[in-house]
>>> print(open('start-v7.tsv').read())   # TSV, C-alpha atoms and all ligand atoms
chain	number	residue	atom	x	y	z
A	116	MET	CA	76.38	224.59	-9.54
A	117	ARG	CA	79.45	224.44	-7.37
A	118	LEU	CA	78.60	222.71	-4.11
A	119	ASP	CA	81.15	222.96	-1.33
A	120	ILE	CA	80.83	220.94	1.86
A	121	PHE	CA	82.73	221.87	5.02
A	122	THR	CA	83.15	219.05	7.50
A	123	LEU	CA	85.46	217.34	9.97
A	124	PHE	CA	84.85	214.08	8.11
A	125	PRO	CA	85.30	214.54	4.34
A	126	GLU	CA	85.72	210.76	4.00
A	127	ALA	CA	82.09	210.34	5.07
A	128	PHE	CA	81.16	211.58	1.59
A	129	ASP	CA	83.12	208.92	-0.33
A	130	TRP	CA	80.02	206.83	-0.95
A	131	PHE	CA	77.89	209.84	-1.85
A	132	GLN	CA	80.36	211.05	-4.47
A	133	GLN	CA	80.14	207.69	-6.23
A	134	GLN	CA	76.39	207.90	-6.74
A	135	ARG	CA	75.20	208.03	-10.34
A	136	PRO	CA	73.21	211.31	-10.22
A	137	VAL	CA	76.17	213.06	-8.57
A	138	ARG	CA	78.64	211.68	-11.12
A	139	ASN	CA	76.27	212.60	-13.95
A	140	ALA	CA	75.83	216.17	-12.71
A	141	ILE	CA	79.60	216.54	-12.36
A	142	ALA	CA	80.15	215.19	-15.87
A	143	ALA	CA	77.62	217.80	-17.05
A	144	GLY	CA	79.62	220.64	-15.48
A	145	SER	CA	78.63	220.83	-11.80
A	146	GLU	CA	81.25	220.62	-9.07
A	147	LEU	CA	81.36	219.01	-5.63
A	148	ARG	CA	84.23	219.97	-3.33
A	149	LEU	CA	84.98	218.86	0.23
A	150	PHE	CA	86.82	220.96	2.78
A	151	SER	CA	88.03	219.80	6.17
A	152	TYR	CA	88.00	222.41	8.94
A	153	ARG	CA	91.22	220.83	10.16
A	154	ASP	CA	93.12	221.64	6.95
A	155	SER	CA	92.77	225.40	7.45
A	156	THR	CA	92.47	225.75	11.22
A	157	PRO	CA	94.56	228.64	12.59
A	158	LEU	CA	95.04	226.69	15.84
A	159	GLY	CA	97.79	224.22	16.63
A	160	ALA	CA	97.56	220.44	16.40
A	161	GLY	CA	94.48	220.53	14.17
A	162	GLN	CA	92.30	221.94	16.94
A	163	VAL	CA	88.82	222.99	15.77
A	164	ASP	CA	86.65	223.08	18.89
A	165	ASP	CA	86.67	224.28	22.46
A	166	ALA	CA	84.78	223.97	25.73
A	167	PRO	CA	81.67	226.14	25.98
A	168	TYR	CA	81.83	229.39	27.95
A	169	GLY	CA	79.63	229.08	31.00
A	170	GLY	CA	80.34	225.38	31.24
A	171	GLY	CA	78.29	222.40	30.22
A	172	ALA	CA	78.72	219.19	28.30
A	173	GLY	CA	80.44	218.78	24.97
A	174	MET	CA	82.62	220.86	22.72
A	175	VAL	CA	81.72	223.71	20.38
A	176	LEU	CA	83.11	224.37	16.88
A	177	ARG	CA	85.01	227.65	16.96
A	178	VAL	CA	83.99	230.68	14.90
A	179	ASP	CA	87.60	231.48	13.91
A	180	VAL	CA	88.05	227.94	12.61
A	181	VAL	CA	84.92	228.05	10.46
A	182	ASP	CA	85.79	231.54	9.18
A	183	ALA	CA	89.32	230.38	8.29
A	184	ALA	CA	87.87	227.47	6.32
A	185	LEU	CA	85.61	229.84	4.37
A	186	GLN	CA	88.47	232.27	3.77
A	187	ALA	CA	90.69	229.46	2.50
A	188	ALA	CA	87.98	228.25	0.13
A	189	TYR	CA	86.97	231.76	-1.03
A	190	PRO	CA	90.08	233.94	-0.82
A	191	ASP	CA	88.67	236.67	-3.08
A	192	ALA	CA	85.81	237.62	-0.70
A	193	ALA	CA	82.96	236.50	-2.98
A	194	ARG	CA	81.26	233.73	-1.05
A	195	PRO	CA	78.41	231.55	-2.27
A	196	ARG	CA	75.23	231.19	-0.23
A	197	VAL	CA	76.35	229.63	3.04
A	198	VAL	CA	73.94	227.10	4.53
A	199	LEU	CA	74.51	225.74	8.01
A	200	LEU	CA	72.98	222.37	8.84
A	201	ALA	CA	71.18	222.43	12.18
A	202	PRO	CA	68.18	220.59	13.64
A	203	GLY	CA	66.42	223.89	14.36
A	204	GLY	CA	66.81	225.33	10.84
A	205	LYS	CA	64.27	225.77	8.05
A	206	LEU	CA	62.86	222.36	7.19
A	207	LEU	CA	64.05	221.00	3.86
A	208	ASP	CA	61.31	220.40	1.31
A	209	ASP	CA	61.12	220.19	-2.46
A	210	GLU	CA	60.60	223.94	-2.80
A	211	LEU	CA	63.75	224.73	-0.82
A	212	ALA	CA	65.73	222.08	-2.73
A	213	THR	CA	64.63	223.68	-6.01
A	214	GLU	CA	65.61	227.13	-4.72
A	215	LEU	CA	69.04	225.90	-3.63
A	216	ALA	CA	69.58	224.09	-6.94
A	217	LEU	CA	69.20	227.43	-8.75
A	218	GLU	CA	72.16	228.95	-6.88
A	219	PRO	CA	75.41	229.15	-8.85
A	220	GLY	CA	77.28	228.12	-5.71
A	221	LEU	CA	76.42	226.73	-2.32
A	222	ALA	CA	78.46	226.07	0.82
A	223	LEU	CA	77.13	223.56	3.36
A	224	LEU	CA	78.54	223.75	6.89
A	225	CYS	CA	78.45	220.51	8.88
A	226	GLY	CA	78.71	220.70	12.63
A	227	ARG	CA	79.68	218.05	15.17
A	228	TYR	CA	79.75	217.82	18.95
A	229	GLU	CA	77.45	220.42	20.55
A	230	GLY	CA	77.33	222.39	17.29
A	231	PHE	CA	78.72	225.76	16.23
A	232	ASP	CA	79.61	228.84	18.22
A	233	GLN	CA	76.53	231.08	17.91
A	234	ARG	CA	78.57	233.67	15.95
A	235	VAL	CA	78.84	231.18	13.07
A	236	HIS	CA	75.04	231.14	12.89
A	237	GLU	CA	74.80	234.91	13.12
A	238	HIS	CA	77.71	236.17	11.05
A	239	LEU	CA	78.93	233.45	8.70
A	240	ALA	CA	75.83	231.54	7.61
A	241	ASP	CA	73.12	232.95	5.35
A	242	ASP	CA	70.60	230.22	6.13
A	243	GLU	CA	70.06	227.33	8.51
A	244	VAL	CA	68.53	224.16	7.12
A	245	SER	CA	67.22	221.13	8.99
A	246	ILE	CA	66.28	217.74	7.59
A	247	GLY	CA	63.92	217.05	10.48
A	248	ARG	CA	63.20	217.81	14.09
A	249	TYR	CA	65.60	215.31	15.59
A	250	VAL	CA	69.25	215.57	16.49
A	251	LEU	CA	71.92	213.73	14.51
A	252	ALA	CA	75.46	213.22	15.77
A	253	GLY	CA	76.65	215.61	13.09
A	254	GLY	CA	75.65	217.57	10.01
A	255	GLU	CA	77.20	215.12	7.52
A	256	LEU	CA	74.11	212.98	6.94
A	257	ALA	CA	71.98	216.13	6.73
A	258	ALA	CA	74.40	217.64	4.19
A	259	MET	CA	74.18	214.46	2.12
A	260	VAL	CA	70.39	214.65	2.19
A	261	VAL	CA	70.45	218.29	1.07
A	262	ALA	CA	73.15	217.60	-1.54
A	263	ASP	CA	71.23	214.58	-2.88
A	264	ALA	CA	67.97	216.53	-3.16
A	265	VAL	CA	69.78	219.42	-4.86
A	266	PHE	CA	72.06	217.43	-7.16
A	267	ARG	CA	69.27	215.38	-8.69
A	268	LYS	CA	67.71	218.64	-9.87
A	269	LEU	CA	70.82	219.71	-11.76
A	270	PRO	CA	71.17	219.38	-15.51
A	271	GLY	CA	72.23	215.89	-16.54
A	272	ALA	CA	71.90	214.32	-13.08
A	273	LEU	CA	69.12	211.92	-13.99
A	274	GLY	CA	69.21	209.73	-17.04
A	275	HIS	CA	65.78	210.67	-18.29
A	276	ALA	CA	65.20	214.38	-18.88
A	277	ASP	CA	61.71	214.36	-17.35
A	278	SER	CA	62.47	212.29	-14.26
A	279	ALA	CA	62.84	215.24	-11.87
A	280	VAL	CA	59.96	217.20	-13.38
A	281	GLU	CA	57.07	214.87	-12.66
A	282	GLU	CA	58.11	213.48	-9.30
A	283	SER	CA	56.82	213.69	-5.77
A	284	PHE	CA	56.08	217.23	-4.54
A	285	SER	CA	56.92	218.79	-7.92
A	286	GLU	CA	54.85	221.56	-9.51
A	287	ALA	CA	53.83	219.15	-12.27
A	288	LEU	CA	52.07	217.09	-9.60
A	289	GLU	CA	50.64	220.14	-7.82
A	290	GLY	CA	53.05	219.56	-4.92
A	291	ALA	CA	51.53	216.14	-4.23
A	292	PRO	CA	53.35	212.81	-3.75
A	293	GLU	CA	54.03	210.84	-6.91
A	294	TYR	CA	51.50	208.35	-8.33
A	295	PRO	CA	52.17	204.58	-8.00
A	296	HIS	CA	54.37	202.79	-10.52
A	297	TYR	CA	53.98	199.27	-11.87
A	298	THR	CA	56.03	197.07	-14.15
A	299	ARG	CA	55.89	193.48	-15.43
A	300	PRO	CA	54.43	191.03	-14.67
A	301	PRO	CA	50.88	192.35	-15.15
A	302	SER	CA	49.57	189.78	-12.68
A	303	TYR	CA	51.48	188.23	-9.78
A	304	MET	CA	49.94	186.03	-7.06
A	305	GLY	CA	46.60	187.54	-7.99
A	306	TRP	CA	47.93	191.09	-7.47
A	307	GLU	CA	46.92	192.95	-10.60
A	308	VAL	CA	48.32	196.00	-12.35
A	309	PRO	CA	45.48	198.55	-12.77
A	310	GLU	CA	43.77	197.89	-16.10
A	311	ILE	CA	44.07	201.50	-17.23
A	312	LEU	CA	47.89	201.36	-17.29
A	313	LEU	CA	47.71	198.52	-19.80
A	314	SER	CA	45.20	200.36	-22.01
A	315	GLY	CA	47.70	202.43	-24.01
A	316	ASP	CA	45.36	205.43	-23.64
A	317	HIS	CA	47.85	208.15	-22.65
A	318	ALA	CA	45.29	210.81	-21.79
A	319	ARG	CA	43.42	208.45	-19.43
A	320	VAL	CA	46.70	207.23	-17.92
A	321	HIS	CA	47.73	210.83	-17.28
A	322	ALA	CA	44.37	211.68	-15.66
A	323	TRP	CA	44.50	208.51	-13.53
A	324	ARG	CA	48.02	209.30	-12.33
A	325	LEU	CA	47.09	212.85	-11.37
A	326	GLU	CA	44.09	211.58	-9.43
A	327	GLN	CA	46.23	208.99	-7.63
A	328	SER	CA	48.65	211.76	-6.74
A	329	ARG	CA	45.86	213.96	-5.37
A	330	GLU	CA	44.47	211.04	-3.38
A	331	ARG	CA	47.88	210.46	-1.78
A	332	ALA	CA	48.06	214.18	-0.95
A	333	ARG	CA	44.64	213.99	0.75
A	334	ARG	CA	45.87	211.06	2.85
A	335	LEU	CA	48.94	213.02	3.96
A	336	ARG	CA	46.79	215.84	5.35
B	1	LIG	N1	72.64	218.36	12.55
B	1	LIG	C1	72.25	217.55	13.55
B	1	LIG	N2	70.97	217.19	13.41
B	1	LIG	C2	70.51	217.78	12.26
B	1	LIG	C3	69.27	217.81	11.58
B	1	LIG	N3	68.21	217.15	12.02
B	1	LIG	N4	69.18	218.54	10.46
B	1	LIG	C4	70.24	219.24	10.01
B	1	LIG	N5	71.44	219.25	10.60
B	1	LIG	C5	71.58	218.53	11.73
>>> encode(input="start-v7.tsv", output="structure tokens", more="lines below")
Ligand code: ADE
Amino acid sequence: MRLDIFTLFPEAFDWFQQQRPVRNAIAAGSELRLFSYRDSTPLGAGQVDDAPYGGGAGMVLRVDVVDAALQAAYPDAARPRVVLLAPGGKLLDDELATELALEPGLALLCGRYEGFDQRVHEHLADDEVSIGRYVLAGGELAAMVVADAVFRKLPGALGHADSAVEESFSEALEGAPEYPHYTRPPSYMGWEVPEILLSGDHARVHAWRLEQSRERARRLR
């Protein structure tokens, strides 16, 4: 997977790039690249936005600026799937994260201010993804959420090979939240670890975990 993020604030991703699953996935052959709209803007003085036609508050990211950034990143016309982050987009869930993780390449477009010129939505983006029905100051945090959910599904991202298979909302757990985890000590302040987990009976442990998962799913409904 080659994940490209387009933003006005590439430095916002410094912390994210240092995270273990991201570093692991990169060591295993994936790529993460950051592009600043300002580096490729065709306008003077690093301009990227403009006042909205028809008036109103705020500034709008220009379509020519976003297109120039995509052209600079993909000069030979072949573009990866382009996903624009917007509060009104398709809600991110595990299924969508899995689908995105299967793409050979992905471009995430982060907006700021009042968002993108509508022509970016209509002509440059393939999909719009939202991390929730609330408005953030920009797409950067949303892009990090998407990138985190996608990267941890890539080969080599997690230390243990099975970690992303049997986790919350995975097929292995029938799309349900993950079962509870316990570790030592077995008893603390009278709070006990369920007996069955100490039994060493793998089949019963497995059945118990699946039931716990289903119970959590029922509570979410
Ligand atoms: N940009 C601003 N708010 C957002 C949200 N909730 N999801 C995705 N992108 C956004």
>>> residues_near_ligand(input="start-v7.tsv", ligand="ligand LIG 1 (chain B)", cutoff="6 Å", atoms="all atoms listed in the file", output="count of residues only")
15
>>> closest_residue(input="start-v7.tsv", among="A:Ala216, A:Leu149, A:Leu288, A:Ile311", to="Asp263 (chain A)", atoms="only C-alpha atoms")
A:Ala216
>>> closest_atom_pairs(input="start-v7.tsv", of="region 227-303 of chain A", to="region 122-130 of chain A", cutoff="10 Å", atoms="all atoms listed in the file", output="CSV")
residue,atom,partner,partner_atom,distance
A:Arg227,CA,A:Leu123,CA,7.8
A:Gly253,CA,A:Thr122,CA,9.2
A:Gly254,CA,A:Thr122,CA,8.0
A:Glu255,CA,A:Thr122,CA,7.1
A:Leu256,CA,A:Ala127,CA,8.6
A:Ala258,CA,A:Phe128,CA,9.4
A:Met259,CA,A:Phe128,CA,7.6
>>> closest_residue(input="start-v7.tsv", among="A:Leu312, A:Leu325, A:Leu199, A:Val265", to="Pro292 (chain A)", atoms="all atoms listed in the file")
A:Leu325
>>> residues_around(input="start-v7.tsv", residues="Ala212 (chain A)", least_positions_apart="4", cutoff="10 Å", atoms="only C-alpha atoms", output="ChimeraX atom specification")
/A:207-208,216-217,261-268
>>> write_last_selection(input="start-v7.tsv", atoms="C-alpha atoms", output="short mmCIF file (atom, residue, chain, number, x, y, z; two decimals), keeping the file's coordinate frame")
data_model
loop_
_atom_site.label_atom_id
_atom_site.label_comp_id
_atom_site.auth_asym_id
_atom_site.auth_seq_id
_atom_site.Cartn_x
_atom_site.Cartn_y
_atom_site.Cartn_z
CA LEU A 207 64.05 221.00 3.86
CA ASP A 208 61.31 220.40 1.31
CA ALA A 216 69.58 224.09 -6.94
CA LEU A 217 69.20 227.43 -8.75
CA VAL A 261 70.45 218.29 1.07
CA ALA A 262 73.15 217.60 -1.54
CA ASP A 263 71.23 214.58 -2.88
CA ALA A 264 67.97 216.53 -3.16
CA VAL A 265 69.78 219.42 -4.86
CA PHE A 266 72.06 217.43 -7.16
CA ARG A 267 69.27 215.38 -8.69
CA LYS A 268 67.71 218.64 -9.87
#
>>> atom_distance(input="start-v7.tsv", atom1="CA of Phe121 (chain A)", atom2="CA of Gly220 (chain A)")
13.6 Å
